Every structure is written in C-alpha cells, then in structure tokens.
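Okay, structure first, notes after.
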Amino acid sequence: MTGIGITIEADGESAVMLALQRLSNIDQSKPKLFDAIGQMVVSNIRSRWANGEGLEGKWRLSGRVMRKGGTTLRDTSRLMNSITHNVLQNGVEIGTDVEYGAIHHFGGEIHYEGRMRRTYFRQNQRTGLVGNKFVRKARSNFMQESMGKPYKVNMPRRPFLGLTETDEKKVMDLIVEHLTNE
C-alpha cells in the first residue's frame, strides 16, 4: 500500500498554526463553555416560567390559579427554583430533582385512593339536632366519618425543560463566541 502524508511547516504566528492551537485548547475550555450554556438556558427557562409560558407557548391556567389567583406552576416556586444544570465531560444537562417535575412537564393522570374523611358539625345540645353547616374541629361537638371515593386528576402537560428556537440561536452564538475568543 502506498500512503500520502502532509507536513505543515509554518511559523508560530501563521493563521493555520493559530487555528491548530485553538483546536488543541478546546478540550481544556469545554467545561467553561458548557457552564455558560447551562447558565443561559436555566436563566431563559426561569424567565419564561415567570411569564407563565413554556416550550409550547402560554400555559393553560391551573385550577388553583383560577380559584385563588397567582401564577401557574408557581405556588411556592420550589419547582422553578430547582431548575439547575450540571456540566458533563461532553455536554451539559439541565433538569430538576423535584419528584413532581415530571408530571408537570409530561402531563398524565394522578390516581387517588378512597380514604376515610372526618367532617365536623355543631349539634344543638337541647334538641340533639345536627346542623347542616361544616365547622372547624375546634368549634365542633359532633364528628361524622365517611368513606371518600377514589378519584383521578388529569394533569395537562406543561413542558418547561428544553430549548426554544431563540435558545438554540443563543447557544450557537455562545459556541461561536467561545471558539473565536480562544
């Protein structure tokens, strides 16, 4: 077999040598690039979250928001504040460690078992009649137990983890900036 070899000889200031030197330094600076990408994506996810929107646009209002007000997926902000990034050897991962994050992101059904419930009433001491209004336990003098029915809740999907087209452009800009500044 015959082979062909190319030898490049250039001084230390030539464009080719500078490009080759940049390529050799990329492995050392990848963690810095991946950290910058992770910070940017997490920041964008949180800013979309504050506006009540995810990857597919505005989120449908939750039942809690319609009843009490507030923002969807933001009762205590625990889920939003748990979004973080981890720099890996060949990339970056973005996610949450909150266990209910998956049901909010992907949607699905939550099944609740039937359980015993206690309801508290006020009973008239003279007549023995029980009122038809619920009262707090502290004001009650009559308690009734009943078995609650099992039920399910259909949780709509509200995807929040991922990249939008704008995010992808910003990531590409970070990569280009990183490669040109090396």
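Identifiers for the structure tokens are assigned positionally: chains receive A, B, ... in sequence, residues are indexed from 1 per chain, and ligands are indexed from 1 in the order shown.
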Could you list, with a cut-off of 12 Å and counting only C-alpha atoms, the residues of region 133-175 of chain A near region 80-84 of chain A, each shown with its nearest atom pair and the distance in Å rounded to one decimal, rows sorted by chain and ascending number, as CSV?
residue,atom,partner,partner_atom,distance
A:Phe160,CA,A:Met80,CA,9.4
A:Leu161,CA,A:Ile83,CA,8.6
A:Gly162,CA,A:Ile83,CA,11.4
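Closest approach to Ala50 (chain A) from the set A:Ile110, A:Val171, A:Met66, A:Leu73 is made by A:Leu73, with distances taken over only C-alpha atoms.
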According to DSSP computed on the backbone, where in region 74-176 of chain A is there strand (DSSP E or B)? Give the residues as a PyMOL selection string. chain A and resi 84-88+91-95+108-112+116-121+123+130+142-147+151-155
Please run DSSP on the backbone and report, as a VMD selection string, all residues within chain A that come out as helix (DSSP H, G or I). chain A and resid 15 to 50 63 to 68 78 to 81 101 to 106 137 to 139 165 to 181
- Message: For region 119-132 of chain A, find every residue with an atom within 6 Å (counting only C-alpha atoms), except residues of its own chain fewer than 4 positions away, and show them as JSON, numbers by chain.
- Response: {"A": [137, 140, 141, 142, 143, 144]}
Check: Skipping near chain neighbours, those fewer than 3 positions away, what residues fall within 9 Å of Val92 (chain A) using only C-alpha atoms, listed as an NGL selection string?
Finding: :A and (31 or 34-35 or 37-38 or 85-89)
**Message:** Excluding Asp75 (chain A) and its own-chain neighbours fewer than 6 positions away, which residues fall within 10 Å of it when counting only C-alpha atoms? Please give them as a PyMOL selection string.
**Reply:** chain A and resi 64-65+69
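Distance-wise, CA of His105 (chain A) and CA of Pro156 (chain A) end up 8.6 Å apart.
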One residue among A:Lys169, A:Arg158, A:His111, A:Arg117 is nearest to Trp59 (chain A) when using only C-alpha atoms, and that residue is A:Arg158
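Between CA of Lys149 (chain A) and CA of Gly101 (chain A) the interatomic distance comes to 26.6 Å.
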Correct to one decimal, the distance CA of Arg74 (chain A)-CA of His104 (chain A) is 11.5 Å
